[in-house]
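Data block for final_35.pdb (PDB, C-alpha atoms):
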ATOM      1  CA  MET A   1     -13.524  13.370 -16.388
ATOM      2  CA  ILE A   2     -15.786  11.871 -13.727
ATOM      3  CA  PRO A   3     -18.078   9.128 -15.091
ATOM      4  CA  GLN A   4     -21.769   9.097 -14.318
ATOM      5  CA  VAL A   5     -22.743   7.078 -11.263
ATOM      6  CA  ASN A   6     -24.356   3.666 -11.829
ATOM      7  CA  ARG A   7     -23.740   3.741 -15.603
ATOM      8  CA  ASP A   8     -21.595   1.665 -17.967
ATOM      9  CA  ASP A   9     -22.596   3.056 -21.331
ATOM     10  CA  LYS A  10     -19.414   1.786 -23.016
ATOM     11  CA  GLY A  11     -20.027  -1.807 -21.885
ATOM     12  CA  ILE A  12     -16.710  -2.004 -20.054
ATOM     13  CA  LEU A  13     -17.921  -4.638 -17.581
ATOM     14  CA  LYS A  14     -18.981  -7.064 -20.322
ATOM     15  CA  ASN A  15     -15.300  -7.519 -21.202
ATOM     16  CA  ILE A  16     -14.156  -7.991 -17.606
ATOM     17  CA  MET A  17     -13.490 -11.645 -16.801
ATOM     18  CA  CYS A  18     -12.078 -11.265 -13.280
ATOM     19  CA  TYR A  19     -13.034  -8.913 -10.465
ATOM     20  CA  ALA A  20     -10.516  -8.073  -7.741
ATOM     21  CA  LEU A  21     -12.723  -7.045  -4.850
ATOM     22  CA  ASP A  22     -11.714  -4.998  -1.863
ATOM     23  CA  MET A  23     -13.383  -6.284   1.285
ATOM     24  CA  ASP A  24     -13.794  -3.726   4.109
ATOM     25  CA  GLY A  25     -16.243  -1.079   2.903
ATOM     26  CA  THR A  26     -16.855  -2.770  -0.454
ATOM     27  CA  ILE A  27     -18.322  -6.210   0.299
ATOM     28  CA  TYR A  28     -18.961  -5.926   4.015
ATOM     29  CA  LEU A  29     -18.617  -3.754   7.093
ATOM     30  CA  GLY A  30     -17.580  -5.729  10.146
ATOM     31  CA  GLU A  31     -19.529  -8.974   9.716
ATOM     32  CA  LYS A  32     -22.477  -7.409   7.922
ATOM     33  CA  TRP A  33     -22.875  -7.717   4.164
ATOM     34  CA  ILE A  34     -23.201  -4.468   2.287
ATOM     35  CA  ASP A  35     -26.636  -4.469   0.683
ATOM     36  CA  GLY A  36     -26.605  -6.457  -2.560
ATOM     37  CA  ALA A  37     -23.075  -7.828  -2.183
ATOM     38  CA  GLN A  38     -24.178 -11.461  -1.977
ATOM     39  CA  GLU A  39     -26.357 -11.035  -5.048
ATOM     40  CA  PHE A  40     -23.402  -9.457  -6.867
ATOM     41  CA  LEU A  41     -21.195 -12.481  -6.161
ATOM     42  CA  LYS A  42     -23.934 -14.838  -7.378
ATOM     43  CA  ALA A  43     -24.411 -12.753 -10.529
ATOM     44  CA  MET A  44     -20.707 -13.045 -11.363
ATOM     45  CA  GLU A  45     -20.788 -16.809 -10.938
ATOM     46  CA  LYS A  46     -23.885 -17.044 -13.115
ATOM     47  CA  ALA A  47     -22.152 -14.966 -15.808
ATOM     48  CA  GLY A  48     -19.075 -17.213 -15.680
ATOM     49  CA  LYS A  49     -16.889 -14.442 -14.286
ATOM     50  CA  LYS A  50     -14.082 -15.003 -11.783
ATOM     51  CA  TYR A  51     -13.586 -13.016  -8.593
ATOM     52  CA  MET A  52     -10.901 -12.742  -5.934
ATOM     53  CA  PHE A  53     -10.905 -10.817  -2.695
ATOM     54  CA  LEU A  54      -7.970  -8.409  -2.532
ATOM     55  CA  THR A  55      -7.402  -6.682   0.771
ATOM     56  CA  ASN A  56      -4.735  -4.414   2.195
ATOM     57  CA  ASN A  57      -5.704  -5.519   5.697
ATOM     58  CA  SER A  58      -2.704  -7.459   6.994
ATOM     59  CA  SER A  59      -4.150  -8.029  10.471
ATOM     60  CA  LYS A  60      -5.695 -11.307   9.274
ATOM     61  CA  ASN A  61      -4.358 -14.241   7.296
ATOM     62  CA  PRO A  62      -6.267 -15.850   4.391
ATOM     63  CA  GLN A  63      -7.727 -18.582   6.606
ATOM     64  CA  ALA A  64      -9.187 -15.934   8.914
ATOM     65  CA  TYR A  65     -10.990 -14.404   5.937
ATOM     66  CA  VAL A  66     -12.230 -17.826   4.788
ATOM     67  CA  GLU A  67     -13.618 -18.415   8.290
ATOM     68  CA  LYS A  68     -15.146 -14.943   8.498
ATOM     69  CA  LEU A  69     -16.865 -15.241   5.131
ATOM     70  CA  GLY A  70     -17.989 -18.739   6.133
ATOM     71  CA  ARG A  71     -19.677 -17.315   9.221
ATOM     72  CA  MET A  72     -21.394 -14.848   6.919
ATOM     73  CA  GLY A  73     -22.672 -17.666   4.702
ATOM     74  CA  LEU A  74     -20.118 -17.691   1.869
ATOM     75  CA  LYS A  75     -18.051 -20.848   1.438
ATOM     76  CA  ILE A  76     -14.784 -20.233  -0.420
ATOM     77  CA  ASP A  77     -11.219 -21.548  -0.248
ATOM     78  CA  GLU A  78      -8.005 -19.659   0.427
ATOM     79  CA  GLY A  79      -7.272 -19.482  -3.295
ATOM     80  CA  LYS A  80      -9.783 -16.640  -3.600
ATOM     81  CA  ILE A  81      -8.048 -14.499  -0.970
ATOM     82  CA  VAL A  82      -5.110 -12.179  -1.722
ATOM     83  CA  THR A  83      -3.743 -10.072   1.147
ATOM     84  CA  SER A  84      -1.006  -7.476   1.486
ATOM     85  CA  GLY A  85       0.626  -9.865   3.954
ATOM     86  CA  GLN A  86       0.975 -12.536   1.255
ATOM     87  CA  ALA A  87       2.324  -9.997  -1.227
ATOM     88  CA  ALA A  88       4.802  -8.728   1.384
ATOM     89  CA  ILE A  89       6.084 -12.264   1.930
ATOM     90  CA  ASP A  90       6.524 -12.648  -1.835
ATOM     91  CA  TYR A  91       8.420  -9.328  -1.944
ATOM     92  CA  LEU A  92      10.711 -10.316   0.942
ATOM     93  CA  LYS A  93      11.548 -13.646  -0.666
ATOM     94  CA  ARG A  94      12.502 -11.869  -3.893
ATOM     95  CA  ASN A  95      14.404  -8.948  -2.390
ATOM     96  CA  PHE A  96      15.585  -9.899   1.127
ATOM     97  CA  SER A  97      16.019 -13.658   0.913
ATOM     98  CA  GLY A  98      17.442 -15.101   4.138
ATOM     99  CA  LYS A  99      17.307 -11.789   6.033
ATOM    100  CA  LYS A 100      15.977 -11.611   9.597
ATOM    101  CA  VAL A 101      12.780  -9.559   9.854
ATOM    102  CA  PHE A 102      11.338  -7.510  12.676
ATOM    103  CA  LEU A 103       7.594  -7.675  12.086
ATOM    104  CA  LEU A 104       5.200  -5.207  13.656
ATOM    105  CA  GLY A 105       2.052  -7.279  13.325
ATOM    106  CA  ASN A 106      -0.340  -9.470  15.239
ATOM    107  CA  GLU A 107      -0.009 -13.206  15.841
ATOM    108  CA  LEU A 108      -1.880 -14.245  12.677
ATOM    109  CA  LEU A 109       0.526 -12.300  10.478
ATOM    110  CA  LYS A 110       3.556 -13.559  12.402
ATOM    111  CA  ALA A 111       2.391 -17.151  11.963
ATOM    112  CA  GLU A 112       1.901 -16.596   8.234
ATOM    113  CA  PHE A 113       5.425 -15.200   7.857
ATOM    114  CA  GLU A 114       6.946 -18.088   9.798
ATOM    115  CA  GLU A 115       4.991 -20.692   7.811
ATOM    116  CA  GLU A 116       6.472 -19.209   4.642
ATOM    117  CA  GLY A 117      10.005 -19.471   6.006
ATOM    118  CA  ILE A 118      10.560 -15.820   6.942
ATOM    119  CA  ALA A 119      12.908 -15.639   9.956
ATOM    120  CA  LEU A 120      11.469 -13.262  12.565
ATOM    121  CA  ALA A 121      13.823 -11.473  14.946
ATOM    122  CA  GLY A 122      14.046  -8.750  17.581
ATOM    123  CA  ARG A 123      16.930  -6.335  17.995
ATOM    124  CA  ASP A 124      19.160  -8.378  15.664
ATOM    125  CA  ALA A 125      16.736  -7.911  12.768
ATOM    126  CA  GLN A 126      18.046  -6.850   9.347
ATOM    127  CA  VAL A 127      14.751  -5.634   7.869
ATOM    128  CA  VAL A 128      11.697  -3.943   9.413
ATOM    129  CA  VAL A 129       8.188  -4.810   8.201
ATOM    130  CA  VAL A 130       5.194  -2.879   9.514
ATOM    131  CA  GLY A 131       1.679  -4.275   9.167
ATOM    132  CA  PHE A 132      -1.734  -3.431  10.586
ATOM    133  CA  ASP A 133      -1.030  -4.474  14.174
ATOM    134  CA  THR A 134      -4.274  -4.677  16.136
ATOM    135  CA  THR A 135      -2.284  -5.762  19.219
ATOM    136  CA  LEU A 136      -0.106  -2.653  19.185
ATOM    137  CA  THR A 137       1.559  -1.611  22.437
ATOM    138  CA  TYR A 138       3.791   1.275  23.407
ATOM    139  CA  GLU A 139       6.643  -1.189  23.935
ATOM    140  CA  LYS A 140       6.270  -2.415  20.343
ATOM    141  CA  MET A 141       6.251   1.146  19.035
ATOM    142  CA  CYS A 142       9.451   1.968  20.918
ATOM    143  CA  ARG A 143      11.157  -1.117  19.519
ATOM    144  CA  VAL A 144      10.154  -0.516  15.896
ATOM    145  CA  CYS A 145      11.190   3.146  16.135
ATOM    146  CA  ASP A 146      14.609   2.119  17.456
ATOM    147  CA  LEU A 147      15.173  -0.160  14.454
ATOM    148  CA  VAL A 148      13.863   2.337  11.906
ATOM    149  CA  ARG A 149      15.972   5.094  13.480
ATOM    150  CA  ALA A 150      19.007   2.808  13.163
ATOM    151  CA  GLY A 151      18.567   2.862   9.383
ATOM    152  CA  LEU A 152      17.326  -0.663   8.638
ATOM    153  CA  PRO A 153      15.378  -1.210   5.404
ATOM    154  CA  TYR A 154      11.796  -0.291   6.287
ATOM    155  CA  ILE A 155       8.929  -2.037   4.454
ATOM    156  CA  SER A 156       5.192  -1.792   5.030
ATOM    157  CA  THR A 157       2.363  -4.067   3.987
ATOM    158  CA  HIS A 158      -0.010  -1.223   3.002
ATOM    159  CA  PRO A 159      -0.643   2.538   3.327
ATOM    160  CA  ASP A 160      -4.275   2.771   4.557
ATOM    161  CA  TYR A 161      -4.792   5.403   7.246
ATOM    162  CA  ASN A 162      -8.062   3.962   8.542
ATOM    163  CA  CYS A 163      -9.939   0.671   8.480
ATOM    164  CA  PRO A 164     -13.739   0.915   8.167
ATOM    165  CA  THR A 165     -15.879  -0.963  10.703
ATOM    166  CA  GLU A 166     -19.573  -1.168  11.543
ATOM    167  CA  THR A 167     -19.128   1.636  14.088
ATOM    168  CA  GLY A 168     -16.779   3.943  12.174
ATOM    169  CA  PHE A 169     -13.071   4.034  11.358
ATOM    170  CA  ILE A 170     -10.138   2.661  13.344
ATOM    171  CA  PRO A 171      -6.459   3.635  12.814
ATOM    172  CA  ASP A 172      -4.713   1.434  10.240
ATOM    173  CA  ALA A 173      -1.109   0.974   9.058
ATOM    174  CA  GLY A 174      -0.827   4.485   7.613
ATOM    175  CA  ALA A 175      -1.531   5.928  11.049
ATOM    176  CA  ILE A 176       1.240   3.737  12.442
ATOM    177  CA  HIS A 177       3.584   5.088   9.745
ATOM    178  CA  ALA A 178       2.743   8.619  10.924
ATOM    179  CA  PHE A 179       3.651   7.733  14.520
ATOM    180  CA  ILE A 180       6.954   6.198  13.399
ATOM    181  CA  HIS A 181       7.710   9.199  11.183
ATOM    182  CA  ALA A 182       7.040  11.628  14.024
ATOM    183  CA  SER A 183       9.621   9.806  16.137
ATOM    184  CA  THR A 184      12.234   8.836  13.517
ATOM    185  CA  GLY A 185      11.779  11.184  10.550
ATOM    186  CA  ARG A 186      11.307   8.215   8.211
ATOM    187  CA  PHE A 187       8.382   6.903   6.209
ATOM    188  CA  PRO A 188       8.562   3.368   4.745
ATOM    189  CA  ASP A 189      11.137   2.833   2.011
ATOM    190  CA  HIS A 190       8.685   0.584   0.191
ATOM    191  CA  ILE A 191       4.962  -0.119   0.569
ATOM    192  CA  ILE A 192       3.583  -3.339  -0.888
ATOM    193  CA  GLY A 193      -0.194  -2.962  -0.834
ATOM    194  CA  LYS A 194      -2.651  -1.014  -2.971
ATOM    195  CA  PRO A 195      -2.136   1.287  -4.824
ATOM    196  CA  ASN A 196       1.374  -0.006  -5.425
ATOM    197  CA  GLY A 197       2.421  -2.310  -8.216
ATOM    198  CA  ASP A 198       3.783  -5.152  -6.072
ATOM    199  CA  ILE A 199       0.420  -6.389  -4.849
ATOM    200  CA  MET A 200      -1.175  -5.893  -8.273
ATOM    201  CA  ASP A 201       1.571  -7.900  -9.992
ATOM    202  CA  TYR A 202       1.152 -10.569  -7.311
ATOM    203  CA  LEU A 203      -2.602 -10.575  -7.978
ATOM    204  CA  ALA A 204      -2.046 -11.078 -11.715
ATOM    205  CA  LYS A 205       0.306 -13.976 -11.008
ATOM    206  CA  ARG A 206      -2.213 -15.597  -8.655
ATOM    207  CA  GLY A 207      -5.298 -14.896 -10.775
ATOM    208  CA  GLY A 208      -4.046 -16.101 -14.120
ATOM    209  CA  VAL A 209      -6.095 -13.471 -15.999
ATOM    210  CA  SER A 210      -4.721 -10.514 -17.944
ATOM    211  CA  LYS A 211      -4.793  -7.068 -16.369
ATOM    212  CA  GLN A 212      -6.866  -5.790 -19.302
ATOM    213  CA  GLN A 213      -9.623  -8.260 -18.395
ATOM    214  CA  THR A 214      -9.489  -7.565 -14.655
ATOM    215  CA  ALA A 215     -11.261  -4.846 -12.672
ATOM    216  CA  MET A 216     -10.187  -3.528  -9.285
ATOM    217  CA  VAL A 217     -13.305  -2.665  -7.269
ATOM    218  CA  GLY A 218     -13.094  -0.738  -4.012
ATOM    219  CA  ASP A 219     -14.328   2.089  -1.814
ATOM    220  CA  ARG A 220     -11.084   4.066  -1.584
ATOM    221  CA  LEU A 221      -9.578   6.293  -4.214
ATOM    222  CA  TYR A 222      -5.989   6.436  -2.972
ATOM    223  CA  THR A 223      -5.655   2.658  -2.617
ATOM    224  CA  ASP A 224      -8.265   0.680  -4.574
ATOM    225  CA  VAL A 225      -9.011   2.922  -7.548
ATOM    226  CA  ALA A 226      -5.422   4.126  -7.902
ATOM    227  CA  ALA A 227      -4.273   0.482  -7.808
ATOM    228  CA  GLY A 228      -6.485  -0.200 -10.799
ATOM    229  CA  VAL A 229      -5.981   2.832 -13.007
ATOM    230  CA  ASN A 230      -2.231   3.133 -12.345
ATOM    231  CA  ASN A 231      -1.391  -0.520 -12.987
ATOM    232  CA  GLY A 232      -3.248  -1.419 -16.155
ATOM    233  CA  TYR A 233      -6.526  -2.582 -14.626
ATOM    234  CA  THR A 234     -10.029  -1.109 -14.835
ATOM    235  CA  GLY A 235     -10.531   0.950 -11.665
ATOM    236  CA  ILE A 236     -14.039   0.992 -10.187
ATOM    237  CA  LEU A 237     -15.127   3.126  -7.221
ATOM    238  CA  VAL A 238     -18.057   2.093  -5.035
ATOM    239  CA  LEU A 239     -19.523   4.726  -2.719
ATOM    240  CA  SER A 240     -20.338   2.280   0.093
ATOM    241  CA  GLY A 241     -17.258   2.951   2.215
ATOM    242  CA  GLU A 242     -14.667   5.685   2.664
ATOM    243  CA  ALA A 243     -14.639   7.841  -0.484
ATOM    244  CA  GLY A 244     -17.339  10.168  -1.781
ATOM    245  CA  LEU A 245     -17.779  11.870  -5.124
ATOM    246  CA  GLN A 246     -16.397  15.099  -3.679
ATOM    247  CA  ASP A 247     -13.056  13.371  -3.049
ATOM    248  CA  ILE A 248     -12.350  12.600  -6.709
ATOM    249  CA  GLU A 249     -11.328  16.115  -7.762
ATOM    250  CA  LYS A 250      -9.562  16.661  -4.463
ATOM    251  CA  GLU A 251      -7.367  13.577  -4.881
ATOM    252  CA  LYS A 252      -7.147  13.786  -8.700
ATOM    253  CA  ILE A 253      -7.740  10.039  -9.017
ATOM    254  CA  TYR A 254     -10.329   9.297 -11.688
ATOM    255  CA  PRO A 255     -12.166   5.954 -11.705
ATOM    256  CA  ASP A 256     -13.143   4.296 -14.952
ATOM    257  CA  LEU A 257     -16.584   3.603 -13.468
ATOM    258  CA  ILE A 258     -18.489   4.637 -10.322
ATOM    259  CA  PHE A 259     -21.345   2.832  -8.597
ATOM    260  CA  ASP A 260     -23.208   3.463  -5.355
ATOM    261  CA  SER A 261     -22.414  -0.138  -4.388
ATOM    262  CA  VAL A 262     -21.551  -3.446  -6.057
ATOM    263  CA  LYS A 263     -25.293  -4.128  -6.232
ATOM    264  CA  GLU A 264     -25.625  -1.465  -8.932
ATOM    265  CA  MET A 265     -23.034  -3.280 -11.082
ATOM    266  CA  ILE A 266     -25.187  -6.400 -11.500
ATOM    267  CA  PRO A 267     -27.135  -5.297 -14.624
ATOM    268  CA  TYR A 268     -23.901  -4.577 -16.506
ATOM    269  CA  ILE A 269     -22.050  -7.828 -15.787
TER
END
Rewrite the coordinates I just gave you, this time as structure tokens.
Amino acid sequence: MIPQVNRDDKGILKNIMCYALDMDGTIYLGEKWIDGAQEFLKAMEKAGKKYMFLTNNSSKNPQAYVEKLGRMGLKIDEGKIVTSGQAAIDYLKRNFSGKKVFLLGNELLKAEFEEEGIALAGRDAQVVVVGFDTTLTYEKMCRVCDLVRAGLPYISTHPDYNCPTETGFIPDAGAIHAFIHASTGRFPDHIIGKPNGDIMDYLAKRGGVSKQQTAMVGDRLYTDVAAGVNNGYTGILVLSGEAGLQDIEKEKIYPDLIFDSVKEMIPYI
């Protein structure tokens, strides 16, 4: 059943103590705030609620998000940022400890992996990790396809096909997966980011709040909302980014609540 837009008749939000907020398409587009997003953050603070930014975008490290939000007028520390890159590092440490990793990612992600002790390698890699590489080249694509075709474990930070920007959508990690699949016949063996459980378990560990008291808020059904409803969280769809109401029945992913934007959530917090 699809809930009514901009309504919380059951008072679900009153019992939510922590909000996991998607970023692109939910809080901002590019470096422009979505209307009412700043007021929403202030309303949560006033109500004594906690929030964390949870993003699948692995093209930036937490410090880059802190700096970006700082430029936009919001001062926060890295403790409020959870990325698919961080969750991927956590997964590698638990499942491929000491293994050499070929990382398809930009310099920020590579630096983050190296700072956390992940050994990066080229053709002698033992594991392949694919992120949202905004510095992608044909040479890189050839190299990653060679390693995937050779049968190495193949991990990805997240499944998003597109990343929303101020001027439209740009190809994201899911589009890179499609390229690799067309060449090698393989999709990732394991994907860390939303809607998958790895990043949501990592979020719970970082946030220190129960899943029952946490809401996942985002503009995508197949990542954000599915991450919430499939992993024990409250799943909230905002219509300020990728998904529209017509997509709900098509994708068969049903949010607990729907709002036009985070601004419309303020009266219910």
* To do: Translate the PyMOL selection byres ((chain A and resi 66) around 12), as applied to the file shown, into an explicit residue set as a PyMOL selection string.
  => chain A and resi 52-53+60-65+67-82
* **Gap from atom CA of Met265 of chain A to atom CA of Tyr19 of chain A - Å, one decimal** => 11.5 Å
* **Evaluate the PyMOL selection byres ((chain A and resi 22-37) around 8) and report residues as a list of chain:residue names** =>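 This file, filtered by the PyMOL selection byres ((chain A and resi 22-37) around 8), leaves A:Ala20, A:Leu21, A:Gln38, A:Glu39, A:Phe40, A:Leu41, A:Phe53, A:Leu54, A:Thr55, A:Lys68, A:Met72, A:Cys163, A:Pro164, A:Thr165, A:Glu166, A:Met216, A:Val217, A:Gly218, A:Asp219, A:Asp224, A:Val238, A:Ser240, A:Gly241, A:Glu242, A:Ser261, A:Val262, A:Lys263.
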* Asked: Which residues match the PyMOL selection byres ((chain A and resi 206-215) around 8) in the file above, as a list of chain:residue names?
  -> A:Asn15, A:Ile16, A:Met17, A:Cys18, A:Tyr19, A:Ala20, A:Met52, A:Tyr202, A:Leu203, A:Ala204, A:Lys205, A:Met216, A:Val217, A:Gly228, A:Gly232, A:Tyr233, A:Thr234, A:Gly235, A:Ile236
Residue subset to file, keeping C-alpha atoms, as a short mmCIF file (atom, residue, chain, number, x, y, z; two decimals), keeping the file's coordinate frame:
data_model
loop_
_atom_site.label_atom_id
_atom_site.label_comp_id
_atom_site.auth_asym_id
_atom_site.auth_seq_id
_atom_site.Cartn_x
_atom_site.Cartn_y
_atom_site.Cartn_z
CA ASN A 15 -15.30 -7.52 -21.20
CA ILE A 16 -14.16 -7.99 -17.61
CA MET A 17 -13.49 -11.64 -16.80
CA CYS A 18 -12.08 -11.26 -13.28
CA TYR A 19 -13.03 -8.91 -10.46
CA ALA A 20 -10.52 -8.07 -7.74
CA MET A 52 -10.90 -12.74 -5.93
CA TYR A 202 1.15 -10.57 -7.31
CA LEU A 203 -2.60 -10.58 -7.98
CA ALA A 204 -2.05 -11.08 -11.72
CA LYS A 205 0.31 -13.98 -11.01
CA MET A 216 -10.19 -3.53 -9.28
CA VAL A 217 -13.30 -2.66 -7.27
CA GLY A 228 -6.48 -0.20 -10.80
CA GLY A 232 -3.25 -1.42 -16.16
CA TYR A 233 -6.53 -2.58 -14.63
CA THR A 234 -10.03 -1.11 -14.84
CA GLY A 235 -10.53 0.95 -11.66
CA ILE A 236 -14.04 0.99 -10.19
#
* Asked: Is there a way to get, as a ChimeraX atom specification, all residues within 7 Å of the point (-8.9, 5.9, 9.5) in file coordinates, counting all atoms listed in the file?
  -> /A:161-163,169-172
* To do: With a distance cut-off of 12 Å and all atoms listed in the file, select the neighbouring residues of Phe96 of chain A, excluding the residue or stretch itself and same-chain residues fewer than 4 positions from it, and output the selection as a count of residues only.
  => 17
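Among the candidate residues A:Ala121, A:Ala111, A:Ala175, A:Ile191, the one lying nearest to Ala87 of chain A is A:Ile191, with distances computed using all atoms listed in the file.
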* To do: Using only C-alpha atoms, determine which residues lie at most 10 Å from Lys14 of chain A, disregarding the query and same-chain residues fewer than 6 positions distant; provide the list as a list in words.
  => Asp8, Ala47, Lys49, Gln213, Tyr268 and Ile269 of chain A
For segment 226-245 of chain A, what centre and edge lengths in Å (one decimal) does the axis-aligned box get once 6 Å is added on each side of all its listed atoms, as JSON?
{"center_x": -10.9, "center_y": 4.6, "center_z": -6.7, "size_x": 30.9, "size_y": 26.5, "size_z": 30.8}
